>>> print(open('entry-v7.txt').read())   # compact mmCIF, C-alpha atoms
# COMPACT_ATOMS: atom_id res chain seq x y z
CA MET H 102 -56.85 39.54 -25.33
CA THR H 103 -57.98 36.31 -23.72
CA CYS H 104 -55.97 34.86 -20.93
CA PRO H 105 -55.62 31.05 -21.00
CA ALA H 106 -57.04 31.01 -17.46
CA GLU H 107 -60.44 32.05 -18.87
CA THR H 108 -61.02 28.54 -20.23
CA ALA H 109 -61.30 26.91 -16.80
CA SER H 110 -64.18 26.76 -14.38
CA TYR H 111 -63.70 28.22 -10.92
CA LEU H 112 -64.83 27.43 -7.42
CA PHE H 113 -64.66 30.01 -4.64
CA PRO H 114 -65.19 28.20 -1.31
CA LYS H 115 -65.86 30.57 1.57
CA THR H 116 -64.60 28.27 4.33
CA LEU H 117 -61.98 25.56 4.70
CA ARG H 118 -64.73 23.04 5.41
CA GLU H 119 -66.38 23.88 2.09
CA ALA H 120 -63.04 23.64 0.30
CA LEU H 121 -62.31 20.22 1.84
CA ALA H 122 -65.75 18.93 0.81
CA LEU H 123 -65.12 20.04 -2.78
CA GLN H 124 -61.68 18.40 -2.84
CA ALA H 125 -63.02 15.15 -1.35
CA ASP H 126 -65.05 14.42 -4.49
CA PRO H 127 -63.11 13.78 -7.71
CA ALA H 128 -66.07 15.27 -9.60
CA THR H 129 -65.64 18.68 -7.96
CA ARG H 130 -61.95 18.56 -7.12
CA GLY H 131 -59.90 21.44 -8.55
CA LYS H 132 -56.36 22.65 -8.86
CA ILE H 133 -55.73 24.83 -5.82
CA LEU H 134 -54.91 28.46 -6.53
CA ALA H 135 -53.78 30.50 -3.52
CA GLY H 136 -52.01 33.68 -4.60
CA GLY H 137 -51.72 32.35 -8.13
CA THR H 138 -48.44 34.06 -8.95
CA ASP H 139 -46.80 30.79 -10.04
CA LEU H 140 -49.84 29.26 -11.72
CA MET H 141 -50.87 32.34 -13.69
CA ALA H 142 -47.31 32.74 -15.00
CA GLN H 143 -47.17 29.05 -15.96
CA TRP H 144 -50.49 29.23 -17.79
CA ALA H 145 -49.42 32.40 -19.60
CA ALA H 146 -46.30 30.52 -20.69
CA GLY H 147 -48.31 27.67 -22.17
CA VAL H 148 -48.68 25.10 -19.38
CA PRO H 149 -52.16 23.58 -19.85
CA VAL H 150 -54.82 25.12 -17.63
CA PRO H 151 -56.64 22.47 -15.57
CA PRO H 152 -60.39 22.24 -16.12
CA ARG H 153 -61.34 23.20 -12.55
CA ILE H 154 -59.64 25.66 -10.24
CA LEU H 155 -60.29 26.05 -6.52
CA VAL H 156 -59.49 29.58 -5.40
CA LEU H 157 -58.33 29.58 -1.80
CA ARG H 158 -57.54 33.26 -1.49
CA GLY H 159 -59.48 35.14 1.14
CA LEU H 160 -60.11 32.38 3.70
CA ARG H 161 -59.58 34.41 6.85
CA GLU H 162 -59.12 31.31 9.03
CA LEU H 163 -55.97 30.43 7.08
CA GLU H 164 -54.40 33.87 6.78
CA SER H 165 -52.73 34.27 10.16
CA ILE H 166 -49.36 33.74 11.77
CA ARG H 167 -49.39 32.54 15.38
CA ILE H 168 -46.43 32.62 17.73
CA LEU H 169 -46.64 29.48 19.85
CA ARG H 170 -44.31 28.54 22.69
CA ASP H 171 -41.70 26.63 20.69
CA GLU H 172 -42.88 27.10 17.15
CA ILE H 173 -44.47 29.45 14.67
CA GLU H 174 -47.70 28.47 12.94
CA ILE H 175 -48.16 29.96 9.49
CA GLY H 176 -51.50 29.58 7.73
CA THR H 177 -51.72 28.55 4.12
CA GLY H 178 -53.00 31.95 2.95
CA VAL H 179 -50.10 33.89 4.44
CA THR H 180 -48.26 35.90 1.80
CA HIS H 181 -44.53 36.47 1.47
CA ALA H 182 -45.18 40.14 2.26
CA LEU H 183 -46.75 39.25 5.60
CA ILE H 184 -43.78 37.02 6.49
CA ARG H 185 -41.39 39.76 5.34
CA ASP H 186 -43.11 42.44 7.42
CA CYS H 187 -44.06 40.46 10.54
CA ALA H 188 -41.69 41.79 13.18
CA GLU H 189 -42.64 39.06 15.66
CA ILE H 190 -41.37 36.17 13.56
CA ARG H 191 -38.14 37.75 12.35
CA PRO H 192 -36.10 36.80 15.46
CA HIS H 193 -37.33 33.20 15.30
CA LEU H 194 -37.19 32.39 11.58
CA PRO H 195 -34.71 34.81 10.01
CA ALA H 196 -33.84 32.51 7.10
CA LEU H 197 -37.49 32.17 6.09
CA VAL H 198 -38.01 35.91 6.40
CA ALA H 199 -34.99 36.46 4.15
CA ALA H 200 -36.26 33.86 1.67
CA SER H 201 -39.76 35.35 1.49
CA SER H 202 -38.21 38.81 1.08
CA SER H 203 -36.26 37.53 -1.94
CA VAL H 204 -39.17 35.99 -3.85
CA GLY H 205 -39.69 37.89 -7.13
CA ALA H 206 -40.17 41.48 -6.06
CA THR H 207 -42.73 43.38 -4.02
CA GLN H 208 -45.52 42.80 -6.58
CA ILE H 209 -45.12 39.03 -6.23
CA GLN H 210 -44.56 39.07 -2.47
CA ALA H 211 -47.85 40.94 -1.94
CA VAL H 212 -49.86 38.14 -3.53
CA GLY H 213 -47.79 34.94 -3.54
CA THR H 214 -48.10 32.63 -0.55
CA LEU H 215 -45.69 30.41 1.36
CA ALA H 216 -47.99 27.43 0.83
CA GLY H 217 -48.19 28.12 -2.89
CA ASN H 218 -44.42 28.26 -3.11
CA ALA H 219 -44.22 24.92 -1.28
CA ALA H 220 -47.02 23.23 -3.23
CA ASN H 221 -45.67 24.41 -6.58
CA ALA H 222 -42.67 22.29 -5.61
CA SER H 223 -40.24 23.84 -8.02
CA PRO H 224 -36.66 22.82 -7.19
CA ALA H 225 -35.95 26.56 -7.48
CA GLY H 226 -38.63 27.58 -4.96
CA ASP H 227 -36.94 30.15 -2.75
CA THR H 228 -38.54 29.25 0.54
CA ALA H 229 -38.02 25.47 0.50
CA PRO H 230 -34.43 25.46 1.87
CA ALA H 231 -35.41 27.87 4.64
CA LEU H 232 -38.37 25.66 5.56
CA LEU H 233 -36.23 22.51 5.49
CA VAL H 234 -33.66 23.73 8.02
CA THR H 235 -36.35 24.43 10.62
CA GLY H 236 -37.09 20.71 10.98
CA GLY H 237 -40.76 21.69 10.91
CA ARG H 238 -43.97 20.09 9.67
CA VAL H 239 -46.74 20.70 7.21
CA ARG H 240 -50.32 20.20 8.37
CA LEU H 241 -52.56 18.67 5.74
CA ALA H 242 -56.32 18.56 6.05
CA SER H 243 -58.91 16.53 4.19
CA ALA H 244 -62.58 15.83 4.74
CA SER H 245 -61.51 12.69 6.61
CA GLY H 246 -59.04 14.30 9.00
CA VAL H 247 -55.82 16.11 9.66
CA ARG H 248 -52.24 14.84 9.56
CA GLU H 249 -48.81 16.33 9.79
CA VAL H 250 -45.88 15.55 7.51
CA PRO H 251 -42.26 16.47 8.30
CA LEU H 252 -40.98 19.00 5.78
CA THR H 253 -38.07 16.65 5.07
CA ALA H 254 -40.64 14.19 3.67
CA PHE H 255 -42.90 16.76 2.00
CA TRP H 256 -41.19 17.14 -1.38
CA THR H 257 -41.16 13.65 -2.83
CA GLY H 258 -39.81 14.35 -6.33
CA TYR H 259 -39.63 16.89 -9.09
CA ARG H 260 -42.78 19.01 -8.63
CA GLN H 261 -44.29 16.34 -6.39
CA ILE H 262 -45.49 16.67 -2.82
CA ALA H 263 -46.71 14.27 -0.16
CA ALA H 264 -50.25 15.67 -0.10
CA ARG H 265 -53.00 13.43 -1.47
CA PRO H 266 -55.31 14.92 -4.14
CA ASP H 267 -58.04 15.44 -1.51
CA GLU H 268 -55.74 17.21 0.93
CA ILE H 269 -55.12 20.91 1.41
CA ILE H 270 -52.11 22.43 3.16
CA THR H 271 -53.55 24.36 6.09
CA HIS H 272 -50.50 25.33 8.15
CA PHE H 273 -46.76 25.18 8.51
CA LEU H 274 -45.44 24.45 12.01
CA LEU H 275 -41.90 25.72 12.25
CA PRO H 276 -39.78 25.35 15.39
CA LYS H 277 -38.13 28.59 16.53
CA ARG H 278 -34.40 28.71 15.99
CA GLY H 279 -33.66 29.12 19.71
CA ARG H 280 -29.93 29.62 20.12
CA ALA H 281 -29.04 28.39 16.67
CA ARG H 282 -28.12 30.92 14.02
CA GLU H 283 -29.66 31.03 10.59
CA ARG H 284 -28.50 32.27 7.24
CA PHE H 285 -30.11 32.43 3.80
CA ARG H 286 -28.31 33.22 0.58
CA LYS H 287 -29.67 33.24 -2.95
CA ILE H 288 -27.55 33.35 -6.07
CA GLY H 289 -29.27 34.56 -9.22
CA THR H 290 -28.62 36.60 -12.32
CA ARG H 291 -30.30 39.60 -10.76
CA ARG H 292 -31.31 40.10 -7.14
CA ALA H 293 -35.02 40.54 -7.92
CA GLN H 294 -37.34 38.84 -10.40
CA ALA H 295 -34.76 36.25 -11.45
CA ILE H 296 -35.32 32.57 -10.80
CA SER H 297 -32.47 31.38 -8.61
CA LYS H 298 -29.41 29.53 -9.80
CA ILE H 299 -29.01 28.14 -6.30
CA MET H 300 -30.11 28.96 -2.74
CA ALA H 301 -28.73 27.94 0.63
CA ALA H 302 -30.28 28.07 4.08
CA SER H 303 -28.72 26.98 7.33
CA ARG H 304 -29.61 26.69 10.99
CA ILE H 305 -26.54 25.90 13.04
CA ARG H 306 -25.89 26.06 16.74
CA ILE H 307 -22.33 26.42 17.95
CA LEU H 308 -21.27 26.47 21.56
CA PRO H 309 -18.98 29.18 22.96
CA ASP H 310 -15.98 26.85 22.43
CA ARG H 311 -16.99 26.60 18.75
CA THR H 312 -18.23 23.04 18.95
CA VAL H 313 -21.05 22.50 16.46
CA GLU H 314 -23.93 21.27 18.57
CA SER H 315 -26.42 20.94 15.71
CA ALA H 316 -26.36 21.73 12.03
CA ALA H 317 -29.11 21.88 9.42
CA ILE H 318 -28.04 22.97 5.94
CA ALA H 319 -30.26 22.92 2.86
CA LEU H 320 -29.77 23.81 -0.78
CA GLY H 321 -32.23 24.57 -3.56
CA SER H 322 -31.82 24.16 -7.32
CA VAL H 323 -29.20 21.41 -7.10
CA ALA H 324 -31.55 18.40 -7.23
CA PRO H 325 -35.16 17.58 -8.24
CA THR H 326 -36.25 18.96 -4.85
CA ALA H 327 -34.63 21.19 -2.27
CA ILE H 328 -32.38 18.95 -0.15
CA ARG H 329 -30.75 18.79 3.26
CA LEU H 330 -27.00 18.11 3.14
CA ASP H 331 -27.08 15.17 5.55
CA SER H 332 -23.46 14.18 5.03
CA VAL H 333 -22.18 17.71 5.66
CA GLU H 334 -24.38 18.02 8.73
CA ALA H 335 -22.99 14.72 10.06
CA LEU H 336 -19.42 15.82 9.36
CA LEU H 337 -19.90 19.03 11.36
CA THR H 338 -21.92 17.85 14.31
CA GLY H 339 -19.94 17.48 17.51
CA LYS H 340 -16.74 18.92 16.03
CA LYS H 341 -15.00 22.19 16.63
CA LEU H 342 -15.48 24.65 13.82
CA THR H 343 -11.96 25.22 12.51
CA PRO H 344 -10.69 26.45 9.12
CA ALA H 345 -9.71 22.84 8.33
CA LEU H 346 -13.23 21.59 9.09
CA ILE H 347 -14.73 24.37 6.97
CA ASN H 348 -12.49 23.30 4.06
CA LYS H 349 -13.69 19.73 4.43
CA ALA H 350 -17.33 20.79 4.64
CA GLU H 351 -17.01 22.91 1.50
CA ALA H 352 -15.46 20.04 -0.45
CA LEU H 353 -18.01 17.53 0.81
CA ALA H 354 -20.91 19.83 -0.10
CA SER H 355 -19.61 20.21 -3.67
CA ASP H 356 -19.04 16.45 -3.94
CA SER H 357 -22.40 15.47 -2.52
CA VAL H 358 -24.63 17.36 -4.95
CA THR H 359 -25.35 16.38 -8.55
CA PRO H 360 -26.97 19.44 -10.07
CA ILE H 361 -28.03 19.74 -13.70
CA ALA H 362 -27.21 22.36 -16.30
CA ASP H 363 -30.15 24.40 -17.53
CA ILE H 364 -30.89 27.85 -18.93
CA ARG H 365 -30.01 29.49 -15.64
CA SER H 366 -26.66 27.93 -14.82
CA THR H 367 -24.21 25.11 -15.44
CA ALA H 368 -23.76 21.98 -13.36
CA GLU H 369 -20.11 22.88 -12.69
CA TYR H 370 -20.98 26.33 -11.37
CA ARG H 371 -23.77 25.01 -9.18
CA ARG H 372 -21.50 22.31 -7.69
CA TRP H 373 -18.77 24.85 -6.97
CA ILE H 374 -21.09 27.46 -5.50
CA ALA H 375 -22.81 24.82 -3.32
CA GLY H 376 -19.51 24.42 -1.51
CA ARG H 377 -18.91 28.15 -1.35
CA LEU H 378 -22.34 28.73 0.18
CA VAL H 379 -21.65 26.12 2.86
CA ARG H 380 -18.35 27.87 3.57
CA ASP H 381 -20.18 31.19 3.76
CA ALA H 382 -22.70 29.79 6.25
CA LEU H 383 -19.95 28.39 8.46
CA GLU H 384 -17.63 31.41 8.31
CA SER H 385 -20.53 33.64 9.28
CA LEU H 386 -20.57 31.83 12.62
CA LEU H 387 -16.99 32.65 13.53
CA MET M 188 -71.09 32.29 -14.60
CA ASN M 189 -69.88 35.74 -13.71
CA ILE M 190 -68.56 36.72 -10.30
CA HIS M 191 -69.74 39.95 -8.72
CA ARG M 192 -67.34 42.14 -6.84
CA SER M 193 -67.56 45.64 -5.45
CA TRP M 194 -64.42 47.65 -4.86
CA LYS M 195 -63.21 51.15 -4.39
CA LEU M 196 -61.43 51.89 -7.66
CA ASN M 197 -59.51 55.16 -7.84
CA GLY M 198 -61.64 56.50 -5.03
CA ASN M 199 -64.99 55.55 -6.58
CA ARG M 200 -67.25 52.66 -5.66
CA VAL M 201 -67.54 50.23 -8.53
CA ALA M 202 -69.53 47.03 -8.90
CA VAL M 203 -68.23 44.65 -11.54
CA SER M 204 -69.56 41.43 -12.99
CA VAL M 205 -66.62 39.49 -14.29
CA PRO M 206 -65.90 36.04 -15.74
CA PRO M 207 -63.98 34.19 -12.99
CA GLY M 208 -60.90 33.55 -15.14
CA ARG M 209 -60.49 37.17 -16.23
CA ARG M 210 -57.26 38.85 -15.23
CA LEU M 211 -57.50 42.09 -13.32
CA LEU M 212 -55.36 43.66 -16.07
CA ASP M 213 -57.89 42.76 -18.78
CA LEU M 214 -60.81 43.95 -16.69
CA LEU M 215 -59.13 47.30 -16.12
CA ARG M 216 -57.96 47.84 -19.68
CA ASP M 217 -60.67 46.28 -21.83
CA ASP M 218 -63.81 46.58 -19.73
CA LEU M 219 -63.16 49.66 -17.64
CA ARG M 220 -61.01 51.44 -20.23
CA LEU M 221 -58.28 52.24 -17.74
CA THR M 222 -55.36 51.70 -20.07
CA GLY M 223 -52.61 53.10 -17.84
CA ALA M 224 -51.61 49.64 -16.67
CA LYS M 225 -49.67 48.03 -19.53
CA GLU M 226 -49.13 44.44 -20.50
CA GLY M 227 -45.40 43.91 -20.87
CA CYS M 228 -44.41 40.30 -20.29
CA GLY M 229 -47.73 38.89 -19.06
CA GLU M 230 -45.78 36.71 -16.60
CA GLY M 231 -45.25 38.99 -13.63
CA GLU M 232 -41.64 39.76 -14.46
CA CYS M 233 -41.67 43.32 -15.78
CA GLY M 234 -44.01 45.38 -13.56
CA ALA M 235 -45.63 47.34 -16.41
CA CYS M 236 -49.04 46.08 -15.25
CA THR M 237 -48.51 47.21 -11.65
CA VAL M 238 -51.54 48.55 -9.80
CA LEU M 239 -51.97 49.15 -6.08
CA LEU M 240 -54.19 46.76 -4.15
CA ASP M 241 -54.91 48.10 -0.68
CA GLY M 242 -51.77 50.19 -1.06
CA ASP M 243 -49.45 47.36 -2.17
CA PRO M 244 -48.07 47.08 -5.70
CA VAL M 245 -49.33 43.92 -7.40
CA ALA M 246 -48.89 42.49 -10.89
CA SER M 247 -52.38 42.76 -12.40
CA CYS M 248 -51.43 40.25 -15.10
CA LEU M 249 -51.07 37.51 -12.46
CA LEU M 250 -54.21 38.29 -10.53
CA LEU M 251 -57.71 37.13 -11.35
CA ALA M 252 -60.13 39.98 -10.92
CA ALA M 253 -62.33 37.61 -8.93
CA GLN M 254 -59.46 37.03 -6.47
CA VAL M 255 -59.73 40.64 -5.36
CA PRO M 256 -62.17 40.58 -2.45
CA ASP M 257 -65.17 42.85 -1.95
CA GLY M 258 -64.24 46.11 -0.31
CA ALA M 259 -60.69 46.14 -1.65
CA GLU M 260 -59.17 49.41 -2.72
CA ILE M 261 -57.54 49.49 -6.16
CA LEU M 262 -55.51 52.42 -7.35
CA THR M 263 -54.30 52.73 -10.95
CA ILE M 264 -52.23 55.48 -12.51
CA GLU M 265 -55.50 57.20 -13.50
CA GLY M 266 -56.32 57.57 -9.80
CA VAL M 267 -52.83 58.31 -8.54
CA GLU M 268 -52.43 61.23 -10.93
CA ARG M 269 -55.40 62.87 -9.23
CA THR M 270 -53.61 62.86 -5.86
CA ARG M 271 -51.15 65.50 -4.77
CA LEU M 272 -48.38 62.99 -4.09
CA GLY M 273 -49.06 61.36 -7.46
CA ARG M 274 -48.64 64.68 -9.27
CA VAL M 275 -45.46 65.44 -7.33
CA ILE M 276 -44.02 62.09 -8.41
CA GLN M 277 -45.03 62.57 -12.03
CA GLN M 278 -43.48 66.04 -12.18
CA ALA M 279 -40.30 64.72 -10.53
CA TYR M 280 -40.04 61.98 -13.18
CA ILE M 281 -40.35 64.65 -15.89
CA ASP M 282 -37.90 67.05 -14.25
CA ALA M 283 -35.33 64.33 -13.60
CA GLY M 284 -35.51 63.16 -17.21
CA ALA M 285 -36.56 59.72 -16.02
CA VAL M 286 -39.05 59.06 -18.83
CA GLN M 287 -38.13 57.82 -22.29
CA CYS M 288 -40.68 55.66 -24.11
CA GLY M 289 -42.97 55.76 -21.11
CA PHE M 290 -44.26 52.18 -21.24
CA CYS M 291 -42.88 51.26 -17.82
CA ILE M 292 -43.63 54.61 -16.21
CA PRO M 293 -47.19 54.06 -14.91
CA GLY M 294 -45.87 51.03 -13.00
CA MET M 295 -42.78 52.90 -11.86
CA VAL M 296 -44.90 55.80 -10.59
CA LEU M 297 -47.27 53.46 -8.74
CA SER M 298 -44.39 51.61 -7.05
CA SER M 299 -42.87 54.99 -6.16
CA TYR M 300 -46.20 56.15 -4.77
CA ALA M 301 -46.62 53.04 -2.62
CA LEU M 302 -43.09 53.51 -1.29
CA LEU M 303 -43.42 57.20 -0.45
CA LYS M 304 -46.83 56.69 1.18
CA ARG M 305 -45.22 54.23 3.58
CA ASN M 306 -41.78 55.77 3.84
CA PRO M 307 -41.52 59.50 3.02
CA SER M 308 -37.71 59.51 3.35
CA PRO M 309 -36.45 56.34 1.69
CA SER M 310 -32.78 55.56 1.28
CA THR M 311 -31.42 54.83 -2.19
CA ALA M 312 -31.31 51.14 -1.27
CA GLN M 313 -34.96 51.24 -0.22
CA ILE M 314 -35.91 52.96 -3.47
CA LYS M 315 -34.09 50.27 -5.47
CA THR M 316 -35.82 47.49 -3.54
CA ALA M 317 -39.22 49.13 -4.02
CA LEU M 318 -38.62 49.44 -7.78
CA ALA M 319 -36.92 46.05 -8.22
CA GLY M 320 -40.08 44.58 -9.77
CA ASN M 321 -40.34 47.30 -12.42
CA LEU M 322 -38.12 46.92 -15.44
CA CYS M 323 -37.18 49.77 -17.79
CA ARG M 324 -35.68 48.76 -21.13
CA CYS M 325 -34.94 52.26 -22.50
CA THR M 326 -32.42 53.64 -20.15
CA GLY M 327 -30.95 52.71 -16.83
CA TYR M 328 -32.38 53.31 -13.47
CA VAL M 329 -30.18 56.21 -12.38
CA LYS M 330 -32.61 58.93 -13.39
CA ILE M 331 -35.60 56.97 -12.14
CA VAL M 332 -34.01 56.63 -8.69
CA LYS M 333 -33.14 60.33 -8.84
CA ALA M 334 -36.76 61.15 -9.66
CA VAL M 335 -38.01 59.28 -6.59
CA ARG M 336 -35.50 61.09 -4.38
CA LEU M 337 -36.59 64.40 -5.89
CA ALA M 338 -40.25 63.54 -5.33
CA ALA M 339 -39.52 62.59 -1.71
CA ARG M 340 -37.82 65.95 -1.12
CA ARG M 341 -40.65 67.90 -2.75
CA ALA M 342 -43.41 65.96 -1.02
CA LYS M 343 -41.95 66.35 2.44
CA GLY M 344 -43.57 69.00 4.58
CA ALA M 345 -46.24 69.64 1.97
CA THR M 346 -49.84 69.03 2.95
CA PRO M 347 -51.81 66.50 0.88
>>> encode(input="entry-v7.txt", output="structure tokens")
Amino acid sequence: MTCPAETASYLFPKTLREALALQADPATRGKILAGGTDLMAQWAAGVPVPPRILVLRGLRELESIRILRDEIEIGTGVTHALIRDCAEIRPHLPALVAASSSVGATQIQAVGTLAGNAANASPAGDTAPALLVTGGRVRLASASGVREVPLTAFWTGYRQIAARPDEIITHFLLPKRGRARERFRKIGTRRAQAISKIMAASRIRILPDRTVESAAIALGSVAPTAIRLDSVEALLTGKKLTPALINKAEALASDSVTPIADIRSTAEYRRWIAGRLVRDALESLL
Amino acid sequence: MNIHRSWKLNGNRVAVSVPPGRRLLDLLRDDLRLTGAKEGCGEGECGACTVLLDGDPVASCLLLAAQVPDGAEILTIEGVERTRLGRVIQQAYIDAGAVQCGFCIPGMVLSSYALLKRNPSPSTAQIKTALAGNLCRCTGYVKIVKAVRLAARRAKGATP
């Protein structure tokens, strides 16, 4: 049998510099394939295969995780399996570790990358909410330079990202959680191999007297992109976490999202569970 | 233009010349005649095409052969059944009655093998996580999980 991917032409740059040079020229520019677990599935399902594909797998310089003083740097070639198994990052980014551990199943985690999950920009991408609550940045490189974009500005619309066509994601820079606590929950039909109905990630710091010092809460699959719940975060910040405040936060979360119905879930269920997931995140702090 | 790769496939050095868009699954089945890996869904959902890449289960239907770097080690069911642990797992699947139509079983055995290589005494929860990417449509998973526990017991203490 012939796979649809066989119709394209492929480029295998050996260094980032070579990849950036290829992407700089519209005549050689290709669709970037990292692990390929999303793209290959899409092409098998009938999404048109682009004429040129740039295979980024195997660039050693982009396949490492570095623990910096205040943040974690994750290269674009880092797989979900590496994030799942890297004991050094687990204390600092537990929500991301949980999200990467919940992508597909082990077969997908071994090959799929964090950058691919981000660049694919599906509203149901498992890692996006966990990335959003870190308040981190994406580093984008092109032949003409490097820039950093806050993750909150990275997903610009349904399957759209802030990277220009000549840019390549090289790293994620994710602040450590410090004294805040993180949580990640994913609701799907089945725990593995099922695209999510909805995901929630949170990074919240409460003081010993239960005052919420800072709150970052994000949901996936309730909007064209993963979103931060700004209004819920504002409601919580500076207040004491009481059952009454949790009730308010749950209601506000449900009211502030406008999910759609699709083959995986209904709008009503998603709106209800959005509130329940916010409640779950807050009750886990008590 | 073909891409050249050299790997260790089931313990043997192989050099392949492959069109860059060819899936690893097609290379294995059609060119190398290793038909143990099956095409179920073709979208990475079912695990029937599982092979081990450097010891990790991967979906060979989602991987371009050319993505697999030189020097990589690929293990298919044809190679695993030549190992002692592989035979222990296969016999345990038979003895536990875990095999019905058999289509999913090469993938199941490979995921079991990867698990037991790394963790010789897995908990039931760890077995379920390791097999979560392998779907069986004949039966349930009770006997399959039992088979892995049986294989773990039999493999323990035995020399390879």
>>> closest_atom_pairs(input="entry-v7.txt", of="chain M", to="chain H", cutoff="7 Å", atoms="all atoms listed in the file", output="CSV")
residue,atom,partner,partner_atom,distance
M:Pro207,CA,H:Tyr111,CA,6.3
M:Gly208,CA,H:Glu107,CA,4.0
M:Arg209,CA,H:Glu107,CA,5.8
M:Gly229,CA,H:Ala145,CA,6.7
M:Glu230,CA,H:Ala142,CA,4.5
M:Gly231,CA,H:Ala142,CA,6.7
M:Glu232,CA,H:Gln294,CA,6.0
M:Asp243,CA,H:Ala211,CA,6.6
M:Pro244,CA,H:Gln208,CA,5.1
M:Val245,CA,H:Gln208,CA,4.1
M:Ala246,CA,H:Gln208,CA,5.5
M:Leu249,CA,H:Met141,CA,5.3
M:Leu250,CA,H:Gly137,CA,6.9
M:Gln254,CA,H:Arg158,CA,6.5
M:Ala317,CA,H:Thr207,CA,6.7
M:Ala319,CA,H:Ala293,CA,5.8
M:Gly320,CA,H:Ala206,CA,4.8
>>> write_last_selection(input="entry-v7.txt", atoms="C-alpha atoms", output="compact mmCIF listing (two decimals), keeping the file's coordinate frame")
# COMPACT_ATOMS: atom_id res chain seq x y z
CA PRO M 207 -63.98 34.19 -12.99
CA GLY M 208 -60.90 33.55 -15.14
CA ARG M 209 -60.49 37.17 -16.23
CA GLY M 229 -47.73 38.89 -19.06
CA GLU M 230 -45.78 36.71 -16.60
CA GLY M 231 -45.25 38.99 -13.63
CA GLU M 232 -41.64 39.76 -14.46
CA ASP M 243 -49.45 47.36 -2.17
CA PRO M 244 -48.07 47.08 -5.70
CA VAL M 245 -49.33 43.92 -7.40
CA ALA M 246 -48.89 42.49 -10.89
CA LEU M 249 -51.07 37.51 -12.46
CA LEU M 250 -54.21 38.29 -10.53
CA GLN M 254 -59.46 37.03 -6.47
CA ALA M 317 -39.22 49.13 -4.02
CA ALA M 319 -36.92 46.05 -8.22
CA GLY M 320 -40.08 44.58 -9.77
>>> atom_distance(input="entry-v7.txt", atom1="CA of Ala302 in chain H", atom2="CA of Glu174 in chain H")
19.5 Å
>>> atom_distance(input="entry-v7.txt", atom1="CA of Leu330 in chain H", atom2="CA of Ile318 in chain H")
5.7 Å
>>> residues_around(input="entry-v7.txt", residues="range 326-328 of chain M", least_positions_apart="3", cutoff="10 Å", atoms="only C-alpha atoms", output="compact mmCIF listing (two decimals) with C-alpha atoms, keeping the file's coordinate frame")
# COMPACT_ATOMS: atom_id res chain seq x y z
CA ALA M 285 -36.56 59.72 -16.02
CA VAL M 286 -39.05 59.06 -18.83
CA GLN M 287 -38.13 57.82 -22.29
CA CYS M 288 -40.68 55.66 -24.11
CA LYS M 315 -34.09 50.27 -5.47
CA LEU M 318 -38.62 49.44 -7.78
CA LEU M 322 -38.12 46.92 -15.44
CA CYS M 323 -37.18 49.77 -17.79
CA ILE M 331 -35.60 56.97 -12.14
CA VAL M 332 -34.01 56.63 -8.69
CA LYS M 333 -33.14 60.33 -8.84
CA ALA M 334 -36.76 61.15 -9.66
>>> atom_distance(input="entry-v7.txt", atom1="CA of Ser299 in chain M", atom2="CA of Lys195 in chain M")
20.8 Å
>>> residues_around(input="entry-v7.txt", residues="Ala279 in chain M", least_positions_apart="3", cutoff="10 Å", atoms="all atoms listed in the file", output="count of residues only")
18
>>> closest_residue(input="entry-v7.txt", among="H:Leu121, H:Ala345, H:Ala229, H:Ala382", to="Leu241 in chain H", atoms="all atoms listed in the file")
H:Leu121
>>> residues_around(input="entry-v7.txt", residues="Arg118 in chain H", least_positions_apart="6", cutoff="10 Å", atoms="all atoms listed in the file", output="PyMOL selection string")
chain H and resi 124+242-244
>>> residues_around(input="entry-v7.txt", residues="Leu214 in chain M", least_positions_apart="2", cutoff="10 Å", atoms="only C-alpha atoms", output="CSV table (one decimal) with C-alpha atoms, keeping the file's coordinate frame")
chain,number,residue,atom,x,y,z
M,203,VAL,CA,-68.2,44.6,-11.5
M,204,SER,CA,-69.6,41.4,-13.0
M,205,VAL,CA,-66.6,39.5,-14.3
M,206,PRO,CA,-65.9,36.0,-15.7
M,209,ARG,CA,-60.5,37.2,-16.2
M,210,ARG,CA,-57.3,38.8,-15.2
M,211,LEU,CA,-57.5,42.1,-13.3
M,212,LEU,CA,-55.4,43.7,-16.1
M,216,ARG,CA,-58.0,47.8,-19.7
M,217,ASP,CA,-60.7,46.3,-21.8
M,218,ASP,CA,-63.8,46.6,-19.7
M,219,LEU,CA,-63.2,49.7,-17.6
M,220,ARG,CA,-61.0,51.4,-20.2
M,221,LEU,CA,-58.3,52.2,-17.7
M,247,SER,CA,-52.4,42.8,-12.4
M,251,LEU,CA,-57.7,37.1,-11.4
M,252,ALA,CA,-60.1,40.0,-10.9
>>> residues_near_point(input="entry-v7.txt", point="(-57.9, 53.9, -4.6)", cutoff="9 Å", atoms="all atoms listed in the file", output="PyMOL selection string")
chain M and resi 195-199+239-242+259-263+266-267
>>> residues_around(input="entry-v7.txt", residues="Gly237 in chain H", least_positions_apart="6", cutoff="10 Å", atoms="all atoms listed in the file", output="CSV table (one decimal) with C-alpha atoms, in the frame of the given file")
chain,number,residue,atom,x,y,z
H,172,GLU,CA,-42.9,27.1,17.2
H,173,ILE,CA,-44.5,29.4,14.7
H,174,GLU,CA,-47.7,28.5,12.9
H,249,GLU,CA,-48.8,16.3,9.8
H,250,VAL,CA,-45.9,15.6,7.5
H,251,PRO,CA,-42.3,16.5,8.3
H,252,LEU,CA,-41.0,19.0,5.8
H,253,THR,CA,-38.1,16.6,5.1
H,273,PHE,CA,-46.8,25.2,8.5
H,274,LEU,CA,-45.4,24.4,12.0
H,275,LEU,CA,-41.9,25.7,12.2
H,276,PRO,CA,-39.8,25.4,15.4
H,277,LYS,CA,-38.1,28.6,16.5
